[in-house]
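*Asks:* Following this line is coords-v5.csv, made up of CSV, C-alpha atoms:
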```
chain,number,residue,atom,x,y,z
A,1,MET,CA,0.0,0.0,0.0
A,2,MET,CA,1.2,3.5,-0.8
A,3,THR,CA,2.9,5.3,2.1
A,4,ARG,CA,2.7,9.0,3.0
A,5,ASN,CA,6.2,9.7,1.8
A,6,LEU,CA,4.8,9.7,-1.8
A,7,PHE,CA,3.2,13.0,-1.0
A,8,LEU,CA,6.5,14.4,0.2
A,9,SER,CA,8.2,13.9,-3.2
A,10,ARG,CA,9.1,16.9,-5.2
A,11,ALA,CA,6.7,16.4,-8.1
A,12,PHE,CA,3.1,15.9,-6.7
A,13,ALA,CA,1.8,15.0,-10.2
A,14,ALA,CA,4.0,11.9,-10.3
A,15,SER,CA,2.9,10.8,-6.8
A,16,LEU,CA,-0.7,11.3,-7.5
A,17,ALA,CA,-0.4,9.2,-10.6
A,18,LEU,CA,1.1,6.5,-8.4
A,19,LEU,CA,-1.8,6.8,-6.0
A,20,LEU,CA,-4.2,6.3,-8.9
A,21,CYS,CA,-2.4,3.2,-9.8
A,22,GLY,CA,-2.6,2.0,-6.2
A,23,LEU,CA,-6.3,2.6,-6.3
A,24,LEU,CA,-6.6,0.5,-9.4
A,25,LEU,CA,-4.9,-2.3,-7.6
A,26,ALA,CA,-7.0,-1.9,-4.5
A,27,GLU,CA,-10.3,-1.7,-6.3
A,28,PRO,CA,-10.6,-3.7,-9.5
A,29,ALA,CA,-12.5,-1.7,-12.1
A,30,VAL,CA,-15.9,-3.0,-13.2
A,31,SER,CA,-18.0,-0.6,-15.2
A,32,VAL,CA,-21.5,0.2,-14.1
A,33,ARG,CA,-22.4,0.5,-17.8
A,34,ALA,CA,-21.2,-3.0,-18.5
A,35,GLN,CA,-23.8,-4.5,-16.1
A,36,SER,CA,-26.9,-3.9,-18.1
A,37,ARG,CA,-28.3,-2.4,-21.3
A,38,ARG,CA,-30.9,0.4,-21.7
A,39,LEU,CA,-34.4,0.9,-23.0
A,40,PRO,CA,-35.2,3.5,-25.7
A,41,PRO,CA,-37.2,6.6,-24.7
A,42,THR,CA,-40.9,6.3,-24.6
A,43,THR,CA,-42.5,6.3,-28.0
A,44,ASP,CA,-46.0,6.5,-29.4
A,45,THR,CA,-46.3,8.0,-32.9
A,46,GLN,CA,-43.3,10.1,-32.2
A,47,GLN,CA,-40.3,9.9,-29.8
A,48,GLN,CA,-40.8,11.6,-26.4
A,49,LYS,CA,-38.2,12.8,-24.0
A,50,LYS,CA,-37.4,10.1,-21.4
A,51,ASN,CA,-38.5,11.9,-18.3
A,52,LYS,CA,-41.5,13.6,-19.7
A,53,ARG,CA,-44.7,11.9,-18.5
A,54,PRO,CA,-47.1,10.4,-21.1
A,55,ASP,CA,-50.2,12.2,-22.0
A,56,PRO,CA,-53.1,10.5,-20.1
A,57,SER,CA,-55.3,10.6,-23.3
A,58,GLU,CA,-52.8,8.3,-25.0
A,59,GLN,CA,-53.0,5.6,-22.2
A,60,LYS,CA,-56.7,4.9,-21.9
A,61,GLU,CA,-56.3,1.3,-23.1
A,62,GLN,CA,-53.2,0.6,-21.1
A,63,GLU,CA,-52.7,-1.0,-17.8
A,64,PRO,CA,-52.1,1.4,-14.9
A,65,ASP,CA,-48.6,2.7,-14.8
A,66,PRO,CA,-46.1,1.3,-12.3
A,67,GLN,CA,-45.6,3.2,-9.0
A,68,ASP,CA,-42.6,5.2,-10.3
A,69,VAL,CA,-44.6,7.2,-12.9
A,70,LEU,CA,-46.0,10.6,-11.9
A,71,PRO,CA,-49.8,10.7,-11.7
A,72,GLU,CA,-51.8,12.3,-14.4
A,73,VAL,CA,-52.5,15.4,-12.4
A,74,GLU,CA,-48.7,16.0,-12.3
A,75,THR,CA,-48.0,16.0,-16.0
A,76,VAL,CA,-44.8,17.7,-16.9
A,77,LYS,CA,-45.3,21.0,-18.7
A,78,VAL,CA,-42.9,23.4,-20.3
A,79,SER,CA,-43.0,27.2,-19.6
A,80,THR,CA,-41.1,29.6,-21.7
A,81,SER,CA,-41.9,32.9,-20.0
A,82,LEU,CA,-42.4,32.3,-16.3
A,83,VAL,CA,-39.4,33.0,-14.1
A,84,ASN,CA,-39.6,30.6,-11.1
A,85,VAL,CA,-38.0,31.6,-7.8
A,86,GLU,CA,-37.8,29.1,-4.9
A,87,ALA,CA,-37.4,31.0,-1.6
A,88,VAL,CA,-36.7,29.9,1.9
A,89,VAL,CA,-37.1,32.5,4.8
A,90,TYR,CA,-35.3,32.1,8.1
A,91,HIS,CA,-34.5,34.2,11.1
A,92,LYS,CA,-31.1,35.9,10.8
A,93,LYS,CA,-30.0,35.2,14.4
A,94,SER,CA,-31.7,32.0,15.4
A,95,GLY,CA,-31.7,30.3,12.0
A,96,LYS,CA,-35.3,29.2,12.5
A,97,ILE,CA,-37.1,28.6,9.2
A,98,ILE,CA,-40.3,30.7,8.8
A,99,GLN,CA,-43.4,28.9,7.6
A,100,GLY,CA,-47.0,29.9,7.1
A,101,LEU,CA,-46.3,32.9,5.0
A,102,LYS,CA,-48.7,34.0,2.2
A,103,LYS,CA,-48.2,35.5,-1.2
A,104,GLU,CA,-48.9,39.0,0.3
A,105,ASN,CA,-45.8,38.6,2.5
A,106,PHE,CA,-43.4,38.5,-0.5
A,107,ALA,CA,-42.2,41.0,-3.0
A,108,VAL,CA,-40.0,40.1,-6.0
A,109,PHE,CA,-37.7,42.7,-7.6
A,110,GLU,CA,-35.8,42.4,-10.9
A,111,ASP,CA,-33.0,44.9,-11.3
A,112,GLY,CA,-34.7,47.0,-8.5
A,113,VAL,CA,-38.1,47.0,-10.1
A,114,GLN,CA,-40.9,45.2,-8.3
A,115,GLN,CA,-42.6,42.4,-10.4
A,116,PRO,CA,-46.2,41.2,-9.9
A,117,ILE,CA,-46.1,37.6,-8.4
A,118,THR,CA,-48.3,35.6,-10.8
A,119,ASN,CA,-47.6,32.1,-9.3
A,120,PHE,CA,-47.3,31.1,-5.6
A,121,SER,CA,-47.3,27.9,-3.7
A,122,THR,CA,-46.5,27.0,-0.1
A,123,PRO,CA,-44.1,24.5,1.2
A,124,GLU,CA,-46.6,21.7,1.7
A,125,ALA,CA,-46.1,20.3,-1.8
A,126,PRO,CA,-43.9,17.2,-2.2
A,127,ILE,CA,-40.5,17.5,-3.8
A,128,THR,CA,-39.0,16.2,-7.0
A,129,VAL,CA,-35.2,15.8,-6.7
A,130,SER,CA,-32.4,14.9,-9.1
A,131,VAL,CA,-29.6,13.2,-7.2
A,132,VAL,CA,-26.3,13.8,-9.0
A,133,LEU,CA,-23.1,12.1,-7.8
A,134,GLU,CA,-19.5,12.0,-8.8
A,135,TYR,CA,-18.6,8.4,-9.6
A,136,SER,CA,-15.0,8.7,-10.8
A,137,LYS,CA,-11.7,7.1,-10.0
A,138,LEU,CA,-10.5,10.6,-9.0
A,139,GLY,CA,-13.3,11.0,-6.4
A,140,SER,CA,-12.6,7.5,-5.2
A,141,MET,CA,-8.9,8.3,-4.7
A,142,PHE,CA,-9.9,11.3,-2.5
A,143,GLY,CA,-12.1,9.0,-0.4
A,144,PHE,CA,-9.6,6.1,-0.2
A,145,TYR,CA,-6.6,8.1,0.9
A,146,GLY,CA,-8.6,10.6,2.9
A,147,SER,CA,-9.8,7.6,5.0
A,148,GLY,CA,-6.2,6.3,5.3
A,149,GLY,CA,-7.1,3.3,3.1
A,150,GLN,CA,-9.6,2.1,5.7
A,151,GLU,CA,-12.5,1.8,3.2
A,152,PRO,CA,-13.3,1.8,-0.5
A,153,GLY,CA,-13.0,5.4,-1.8
A,154,ARG,CA,-16.4,5.5,-3.4
A,155,TYR,CA,-18.0,5.2,0.0
A,156,GLU,CA,-17.3,8.9,0.6
A,157,VAL,CA,-19.8,9.7,-2.2
A,158,LEU,CA,-22.2,6.8,-1.8
A,159,ARG,CA,-22.7,7.2,2.0
A,160,PRO,CA,-24.6,10.6,1.8
A,161,VAL,CA,-26.5,9.4,-1.3
A,162,ALA,CA,-27.7,6.3,0.5
A,163,ALA,CA,-28.7,8.3,3.5
A,164,PHE,CA,-30.5,10.9,1.4
A,165,VAL,CA,-32.7,8.4,-0.5
A,166,SER,CA,-33.5,6.4,2.6
A,167,GLN,CA,-33.9,9.2,5.2
A,168,VAL,CA,-34.9,12.4,3.3
A,169,VAL,CA,-37.1,11.1,0.5
A,170,ARG,CA,-40.7,10.4,1.5
A,171,PRO,CA,-42.5,8.0,-0.8
A,172,PRO,CA,-44.9,7.9,-2.4
A,173,ASP,CA,-45.2,11.7,-2.7
A,174,ASP,CA,-41.6,12.5,-3.4
A,175,TYR,CA,-39.9,11.6,-6.7
A,176,VAL,CA,-36.2,11.0,-7.3
A,177,ALA,CA,-34.0,10.6,-10.3
A,178,VAL,CA,-30.3,9.5,-9.9
A,179,ILE,CA,-27.5,10.5,-12.3
A,180,ALA,CA,-23.9,9.3,-11.8
A,181,TYR,CA,-21.1,11.0,-13.7
A,182,ASP,CA,-17.5,10.5,-14.6
A,183,MET,CA,-16.5,11.2,-18.2
A,184,ARG,CA,-20.2,11.4,-19.0
A,185,ALA,CA,-23.4,11.6,-17.1
A,186,THR,CA,-25.3,8.4,-16.9
A,187,PRO,CA,-28.9,8.2,-15.6
A,188,ILE,CA,-29.2,5.3,-13.2
A,189,THR,CA,-33.0,5.7,-12.7
A,190,ASP,CA,-35.5,8.1,-14.0
A,191,PHE,CA,-37.9,9.8,-11.6
A,192,THR,CA,-39.3,7.2,-9.2
A,193,ASN,CA,-41.2,7.0,-5.9
A,194,ASP,CA,-40.4,3.4,-5.4
A,195,PRO,CA,-38.0,2.7,-2.4
A,196,GLN,CA,-37.0,-0.7,-3.8
A,197,ARG,CA,-35.8,0.9,-7.0
A,198,LEU,CA,-33.8,3.5,-5.1
A,199,ASN,CA,-32.3,0.6,-3.1
A,200,GLN,CA,-31.4,-1.0,-6.5
A,201,VAL,CA,-29.5,2.2,-7.4
A,202,VAL,CA,-27.4,2.2,-4.2
A,203,ASN,CA,-26.7,-1.5,-4.5
A,204,LEU,CA,-25.7,-1.2,-8.1
A,205,LEU,CA,-23.2,1.6,-7.3
A,206,LEU,CA,-21.9,-0.3,-4.3
A,207,ARG,CA,-21.3,-3.5,-6.3
A,208,ASN,CA,-19.4,-1.7,-9.1
A,209,HIS,CA,-16.3,0.5,-9.3
A,210,PRO,CA,-15.6,3.8,-11.1
A,211,VAL,CA,-13.6,3.2,-14.3
A,212,SER,CA,-12.7,6.7,-15.5
A,213,ASN,CA,-10.3,9.4,-14.0
A,214,GLU,CA,-12.5,12.1,-15.6
A,215,ALA,CA,-15.1,13.9,-13.7
A,216,ASN,CA,-17.2,16.2,-16.0
A,217,LEU,CA,-19.3,18.0,-13.5
A,218,PHE,CA,-20.4,20.8,-15.7
A,219,ASP,CA,-21.8,18.5,-18.4
A,220,ALA,CA,-23.7,16.6,-15.7
A,221,LEU,CA,-25.3,19.7,-14.4
A,222,LYS,CA,-26.3,20.8,-17.9
A,223,LEU,CA,-28.0,17.4,-18.6
A,224,THR,CA,-29.7,17.5,-15.2
A,225,LEU,CA,-31.0,21.0,-15.5
A,226,VAL,CA,-31.8,21.5,-19.2
A,227,GLY,CA,-31.8,18.0,-20.6
A,228,GLY,CA,-30.2,16.6,-23.7
A,229,ARG,CA,-29.1,13.3,-25.2
A,230,ALA,CA,-27.4,10.8,-22.9
A,231,GLU,CA,-27.1,7.2,-22.2
A,232,SER,CA,-30.4,5.4,-21.5
A,233,VAL,CA,-31.5,4.6,-18.0
A,234,ILE,CA,-29.4,1.7,-16.7
A,235,LEU,CA,-32.1,0.1,-14.5
A,236,ASP,CA,-34.5,0.0,-17.4
A,237,ASN,CA,-32.4,-2.7,-19.1
A,238,PRO,CA,-32.6,-0.8,-22.4
A,239,LYS,CA,-32.2,-2.0,-25.9
A,240,GLU,CA,-31.1,1.4,-27.2
A,241,SER,CA,-27.9,2.9,-25.9
A,242,MET,CA,-29.0,6.6,-26.0
A,243,ALA,CA,-32.1,8.6,-25.1
A,244,GLU,CA,-33.4,12.1,-25.0
A,245,TYR,CA,-34.1,13.7,-21.6
A,246,ALA,CA,-36.0,16.8,-20.4
A,247,GLY,CA,-34.3,18.8,-17.7
A,248,MET,CA,-35.4,19.8,-14.3
A,249,ALA,CA,-36.0,23.4,-15.5
A,250,SER,CA,-38.9,22.2,-17.6
A,251,LEU,CA,-40.8,20.6,-14.7
A,252,GLN,CA,-43.8,22.7,-13.6
A,253,GLY,CA,-46.3,22.2,-10.8
A,254,ARG,CA,-43.9,20.4,-8.5
A,255,ARG,CA,-41.3,21.6,-5.9
A,256,LYS,CA,-37.9,20.7,-7.3
A,257,ALA,CA,-34.3,20.6,-6.3
A,258,VAL,CA,-30.9,19.1,-7.2
A,259,PHE,CA,-28.9,17.1,-4.6
A,260,LEU,CA,-25.3,17.1,-5.7
A,261,VAL,CA,-22.5,15.0,-4.1
A,262,SER,CA,-19.2,16.1,-5.6
A,263,SER,CA,-15.6,17.2,-5.1
A,264,GLY,CA,-16.4,20.1,-7.5
A,265,ILE,CA,-13.5,19.3,-9.8
A,266,ASP,CA,-14.3,19.4,-13.5
A,267,THR,CA,-11.7,17.7,-15.7
A,268,PHE,CA,-12.8,17.9,-19.3
A,269,SER,CA,-16.4,19.0,-19.8
A,270,ARG,CA,-17.6,20.4,-23.1
A,271,THR,CA,-19.6,22.9,-21.0
A,272,ASN,CA,-17.3,25.5,-19.4
A,273,TYR,CA,-17.7,27.0,-16.0
A,274,ASP,CA,-19.4,30.2,-17.2
A,275,GLN,CA,-21.9,28.3,-19.3
A,276,ALA,CA,-22.7,25.9,-16.4
A,277,ARG,CA,-23.1,28.9,-14.1
A,278,LYS,CA,-25.6,30.6,-16.4
A,279,ILE,CA,-27.5,27.3,-16.9
A,280,ALA,CA,-27.8,27.0,-13.1
A,281,GLN,CA,-28.8,30.6,-12.7
A,282,ASN,CA,-31.5,30.3,-15.3
A,283,ALA,CA,-33.0,26.9,-14.3
A,284,GLY,CA,-34.8,28.1,-11.2
A,285,VAL,CA,-33.8,25.0,-9.3
A,286,PRO,CA,-31.9,25.2,-6.0
A,287,ILE,CA,-28.8,23.1,-5.8
A,288,TYR,CA,-28.0,21.5,-2.4
A,289,ILE,CA,-24.4,20.2,-2.3
A,290,ILE,CA,-22.4,17.8,-0.2
A,291,GLY,CA,-18.8,18.6,-0.9
A,292,THR,CA,-16.3,15.7,-0.9
A,293,GLY,CA,-12.5,15.4,-0.9
A,294,ASN,CA,-12.1,17.7,2.0
A,295,LEU,CA,-10.4,15.2,4.4
A,296,PHE,CA,-7.9,14.4,1.6
A,297,PHE,CA,-7.2,18.0,1.0
A,298,LYS,CA,-6.8,18.8,4.8
A,299,LYS,CA,-4.3,15.9,5.1
A,300,TYR,CA,-2.3,16.5,2.0
A,301,GLY,CA,-3.1,20.0,0.7
A,302,ASP,CA,0.0,21.6,2.0
A,303,GLN,CA,2.2,18.9,0.3
A,304,MET,CA,0.5,19.3,-3.1
A,305,GLY,CA,1.9,21.5,-5.8
A,306,ALA,CA,0.2,24.7,-6.5
A,307,LEU,CA,-0.6,23.7,-10.1
A,308,ASP,CA,-1.9,20.5,-11.7
A,309,GLY,CA,0.4,17.7,-12.7
A,310,LEU,CA,0.9,16.2,-16.1
A,311,GLY,CA,-2.6,14.7,-16.0
A,312,GLY,CA,-4.3,18.1,-15.8
A,313,ALA,CA,-7.2,18.3,-13.5
A,314,THR,CA,-7.1,14.5,-13.0
A,315,THR,CA,-3.9,15.1,-11.0
A,316,PRO,CA,-5.0,18.3,-9.3
A,317,GLY,CA,-2.9,20.9,-7.5
A,318,ARG,CA,-4.0,23.1,-4.7
A,319,MET,CA,-5.4,25.8,-7.0
A,320,THR,CA,-7.7,23.3,-8.7
A,321,MET,CA,-8.9,22.0,-5.4
A,322,LEU,CA,-9.7,25.5,-4.1
A,323,GLN,CA,-11.4,26.5,-7.4
A,324,ALA,CA,-13.5,23.4,-7.2
A,325,GLN,CA,-14.7,24.3,-3.7
A,326,ASN,CA,-15.4,27.9,-4.8
A,327,ALA,CA,-17.4,26.6,-7.8
A,328,LEU,CA,-19.6,24.5,-5.5
A,329,LYS,CA,-20.2,27.5,-3.2
A,330,THR,CA,-21.2,29.6,-6.2
A,331,PHE,CA,-23.6,27.0,-7.7
A,332,ALA,CA,-25.4,26.7,-4.3
A,333,ARG,CA,-25.5,30.4,-3.5
A,334,GLU,CA,-26.7,31.7,-6.9
A,335,THR,CA,-29.5,29.0,-7.1
A,336,GLY,CA,-30.8,29.5,-3.6
A,337,GLY,CA,-29.4,26.2,-2.4
A,338,GLU,CA,-26.7,25.5,0.2
A,339,TYR,CA,-23.2,24.0,0.3
A,340,PHE,CA,-22.0,21.6,3.0
A,341,PRO,CA,-18.3,20.7,2.8
A,342,ILE,CA,-18.1,17.3,4.6
A,343,THR,CA,-14.9,16.2,6.2
A,344,PHE,CA,-16.0,13.4,8.5
A,345,GLU,CA,-18.8,10.8,8.3
A,346,GLY,CA,-20.4,12.2,11.5
A,347,GLU,CA,-21.2,15.5,9.7
A,348,ILE,CA,-23.5,13.9,7.1
A,349,SER,CA,-26.6,13.5,9.4
A,350,SER,CA,-26.6,17.2,10.4
A,351,ALA,CA,-26.1,18.3,6.8
A,352,LEU,CA,-29.0,16.2,5.5
A,353,GLN,CA,-31.3,17.4,8.2
A,354,SER,CA,-30.5,21.0,7.2
A,355,ILE,CA,-31.0,20.1,3.5
A,356,ASN,CA,-34.3,18.4,4.2
A,357,ALA,CA,-35.6,21.4,6.2
A,358,LEU,CA,-34.5,23.8,3.5
A,359,MET,CA,-36.0,21.8,0.6
A,360,ARG,CA,-39.3,21.3,2.4
A,361,SER,CA,-39.6,25.0,3.3
A,362,GLN,CA,-39.4,26.5,-0.2
A,363,TYR,CA,-42.0,29.0,-1.2
A,364,SER,CA,-42.5,28.8,-4.9
A,365,LEU,CA,-42.8,32.3,-6.5
A,366,GLY,CA,-43.2,33.1,-10.2
A,367,TYR,CA,-43.3,36.2,-12.3
A,368,ASN,CA,-43.6,37.0,-16.0
A,369,PRO,CA,-40.6,39.0,-17.3
A,370,GLY,CA,-42.4,39.9,-20.5
A,371,GLU,CA,-41.1,39.6,-24.0
A,372,ARG,CA,-37.6,40.9,-23.1
A,373,ARG,CA,-34.9,39.3,-25.2
A,374,ASP,CA,-31.8,41.4,-24.5
A,375,GLY,CA,-29.6,38.4,-23.6
A,376,LYS,CA,-28.5,40.2,-20.4
A,377,GLN,CA,-28.3,39.0,-16.8
A,378,HIS,CA,-30.9,40.5,-14.4
A,379,LYS,CA,-30.6,40.6,-10.6
A,380,ILE,CA,-33.4,39.0,-8.6
A,381,VAL,CA,-34.1,40.1,-5.0
A,382,VAL,CA,-36.9,38.7,-2.9
A,383,LYS,CA,-38.0,40.7,0.2
A,384,VAL,CA,-40.3,39.5,2.9
A,385,ASP,CA,-42.7,41.3,5.3
A,386,VAL,CA,-43.2,38.6,7.9
A,387,ASP,CA,-45.6,40.4,10.2
A,388,GLY,CA,-47.6,42.1,7.4
A,389,ASP,CA,-47.0,45.6,8.7
A,390,GLY,CA,-46.0,47.0,5.3
A,391,GLN,CA,-42.3,47.1,6.1
A,392,TYR,CA,-39.8,44.7,4.7
A,393,ASP,CA,-38.0,42.8,7.4
A,394,ASP,CA,-34.5,42.7,5.8
A,395,LYS,CA,-32.7,43.3,9.1
A,396,GLU,CA,-34.3,40.5,11.0
A,397,TYR,CA,-34.9,37.8,8.3
A,398,VAL,CA,-33.0,36.3,5.5
A,399,VAL,CA,-34.5,35.1,2.2
A,400,LYS,CA,-32.5,32.5,0.3
A,401,ASN,CA,-33.4,32.4,-3.4
A,402,ARG,CA,-31.9,32.3,-6.9
A,403,GLN,CA,-30.0,35.5,-7.6
A,404,PHE,CA,-30.1,35.9,-11.4
A,405,TYR,CA,-32.2,35.5,-14.5
A,406,ASN,CA,-30.5,35.5,-17.9
A,407,ALA,CA,-32.9,36.7,-20.5
A,408,PRO,CA,-32.9,35.0,-23.9
A,409,LYS,CA,-31.3,36.8,-26.8
A,410,SER,CA,-33.2,37.3,-30.0
```
Would you give me this structure, written as structure tokens?
*Replies:*
Amino acid sequence: MMTRNLFLSRAFAASLALLLCGLLLAEPAVSVRAQSRRLPPTTDTQQQKKNKRPDPSEQKEQEPDPQDVLPEVETVKVSTSLVNVEAVVYHKKSGKIIQGLKKENFAVFEDGVQQPITNFSTPEAPITVSVVLEYSKLGSMFGFYGSGGQEPGRYEVLRPVAAFVSQVVRPPDDYVAVIAYDMRATPITDFTNDPQRLNQVVNLLLRNHPVSNEANLFDALKLTLVGGRAESVILDNPKESMAEYAGMASLQGRRKAVFLVSSGIDTFSRTNYDQARKIAQNAGVPIYIIGTGNLFFKKYGDQMGALDGLGGATTPGRMTMLQAQNALKTFARETGGEYFPITFEGEISSALQSINALMRSQYSLGYNPGERRDGKQHKIVVKVDVDGDGQYDDKEYVVKNRQFYNAPKS
């Protein structure tokens, strides 16, 4: 087994490459993708996007859908003009989340101009969550050496995912999709409210091992939020290798969020950081993040080179690690979510309790920006008048919400 003196060598890139080789020996690589095939997207007279629910009128002659298909009353719709804002209100000093507010308690401003709130719903609605996790050899290396080689490295990522789907998700009302990414984003399951299927997801990821050093976070976020073409859902045992997916941004009528477990490092995405940031800003979906790789960085960060090694971001230096943490903070802050950098296993429970409380306390606000097509970024501010006295309570309460809206360009 590798010893610590590897990290004391002059060239950290070379030592990290050796660590990766050690990880290969410690954990034989078996691809998740090699375990099963995938079904094509749902088709009738024309191809539909995979996670868009079928039209009830087209299913009158069919048997009832299995449990993991959204009911008819929750049909996915696409809105092109509404700006959705998920907002959580909490007391600045105590941190207590405020519930029981009404539409009249809120005001939404775009670039300093108040906008009429056309859509409003309270936190009682169930949630729809996309779980996105880094399943790469790079992430496993962080976990393995962060734990001192005491456990498989992928456990650092899988432990919070397993706890989330078993402790936070509330079937049958909540729906969850799971996407694992390395070089590419791979949907493990489409939206489901079936606990057994979620257990299958966790077991599949536990039985297998990451096979790629790449960790293309930005591409994974793009697929999750706005959709696109990707590998078919693994648990569907598909015949076709690829399918089209609708993104979380197109879901209407349900409270939604992204739960991301990641080191934040992006090695080679086609989507760059600025593009991913704009996609996240525009989606109207809060991103709640468990940051990984922190114990590794605390142990070995001061022995790492400032810059990446010969393998680029797959052999990261201190700057890449710090930039990754900053990227995760930015995604969370600008979408109205929250970032929890986890160092020790005992911190997971508290982080998930906070995420659960925040997700289930979101007020959904919506306003119409009109026909503006200037291609510019617009600042969104939500103010709250908790006691209804006509004065905004900025000094006493905090509103957590998305911060920007990027108008389309004609």
*Asks:* Counting all atoms listed in the file, figure out which residue out of A:Leu352, A:Leu328, A:Leu310, A:Ala125 gets nearest to Ser166 in chain A.
*Replies:*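 Smallest distance to Ser166 in chain A is found for A:Leu352.
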*Asks:* So which residues touch Pro286 in chain A within 9 Å, counting only C-alpha atoms, skipping near sequence neighbours fewer than 3 positions away, as an MDAnalysis selection string?
*Replies:* chainID A and resid 86 256:259 280 283 331:338 359 401:402
*Asks:* By how many Å are CA of Val108 in chain A and CA of Val382 in chain A apart?
*Replies:*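 Atom-to-atom, CA of Val108 in chain A and CA of Val382 in chain A are spaced 4.6 Å apart.
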*Asks:* Give me, please, the distance in Å between CA of Ser81 in chain A and CA of Leu221 in chain A, quoted to one decimal.
*Replies:* 21.9 Å
*Asks:* Find the residues near range 132-149 of chain A: any atom within 9 Å, counting only C-alpha atoms, skip ones fewer than 5 places away on the same chain, and give them as a PyMOL selection string.
*Replies:* chain A and resi 1+19-20+23-24+154-158+161+177-183+185+205+209-217+220-221+224+258-265+292-300+314-315
*Asks:* Report the distance between CA of Val202 in chain A and CA of Pro160 in chain A in Å, rounded to one decimal place.
*Replies:*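 Between CA of Val202 in chain A and CA of Pro160 in chain A the gap is 10.7 Å.
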*Asks:* Excluding Tyr367 in chain A and its own-chain neighbours fewer than 5 positions away, which residues fall within 10 Å of it when counting only C-alpha atoms? Please give them as a ChimeraX atom specification.
*Replies:* /A:81-85,108-110,115-120
*Asks:* Restrict the selected residues to C-alpha atoms and save them as a PDB file, in the frame of the given file.
*Replies:*
```
ATOM      1  CA  SER A  81     -41.900  32.900 -20.000  1.00  0.00           C
ATOM      2  CA  LEU A  82     -42.400  32.300 -16.300  1.00  0.00           C
ATOM      3  CA  VAL A  83     -39.400  33.000 -14.100  1.00  0.00           C
ATOM      4  CA  ASN A  84     -39.600  30.600 -11.100  1.00  0.00           C
ATOM      5  CA  VAL A  85     -38.000  31.600  -7.800  1.00  0.00           C
ATOM      6  CA  VAL A 108     -40.000  40.100  -6.000  1.00  0.00           C
ATOM      7  CA  PHE A 109     -37.700  42.700  -7.600  1.00  0.00           C
ATOM      8  CA  GLU A 110     -35.800  42.400 -10.900  1.00  0.00           C
ATOM      9  CA  GLN A 115     -42.600  42.400 -10.400  1.00  0.00           C
ATOM     10  CA  PRO A 116     -46.200  41.200  -9.900  1.00  0.00           C
ATOM     11  CA  ILE A 117     -46.100  37.600  -8.400  1.00  0.00           C
ATOM     12  CA  THR A 118     -48.300  35.600 -10.800  1.00  0.00           C
ATOM     13  CA  ASN A 119     -47.600  32.100  -9.300  1.00  0.00           C
ATOM     14  CA  PHE A 120     -47.300  31.100  -5.600  1.00  0.00           C
TER      15      PHE A 120
END
```
*Asks:* Please write as an NGL selection string the list of polymer residues whose atoms come within 8 Å of (-38.8, 38.8, 10.2), counting all atoms listed in the file and keeping to the coordinates of the file.
*Replies:* :A and (90-91 or 384-387 or 393-398)
*Asks:* Around all the atoms of range 391-399 of chain A listed in the file, draw an axis-aligned box and extend it by 4 Å on each of the six sides; I want its centre and edge lengths in Å to one decimal, as JSON.
*Replies:*
```
{"center_x": -37.5, "center_y": 41.1, "center_z": 6.6, "size_x": 17.6, "size_y": 20.0, "size_z": 16.8}
```
*Asks:* Looking at only C-alpha atoms, which of A:Asn272, A:Glu231, A:Arg373, A:Leu206 is the one that sits closest to Arg159 in chain A?
*Replies:*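 Smallest distance to Arg159 in chain A is found for A:Leu206.
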*Asks:* As a ChimeraX atom specification, please: the residues near Ser361 in chain A (cut-off 10 Å, only C-alpha atoms, same-chain neighbours under 5 positions excluded).
*Replies:* /A:86-90,97-100,122-125,255,355-356
*Asks:* Find, counting only C-alpha atoms, the residue in A:Ser349, A:Gln114, A:Thr267, A:Thr192 that gets nearest to Ser130 in chain A.
*Replies:*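 Under the stated criterion, the closest residue is A:Thr192.
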*Asks:* Might you pull out every residue within 8 Å of Gly388 in chain A, with only C-alpha atoms counted and same-chain residues fewer than 3 positions away left off, and present them as a list in words?
*Replies:*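 The residues that qualify are Glu104, Asn105, Asp385 and Gln391 of chain A.
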*Asks:* Go ahead and dump the residues you just picked, C-alpha atoms, as a PDB file, in the coordinates of the input.
*Replies:*
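Here's the written file again.pdb:
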```pdb
ATOM      1  CA  GLU A 104     -48.900  39.000   0.300  1.00  0.00           C
ATOM      2  CA  ASN A 105     -45.800  38.600   2.500  1.00  0.00           C
ATOM      3  CA  ASP A 385     -42.700  41.300   5.300  1.00  0.00           C
ATOM      4  CA  GLN A 391     -42.300  47.100   6.100  1.00  0.00           C
TER       5      GLN A 391
END
```
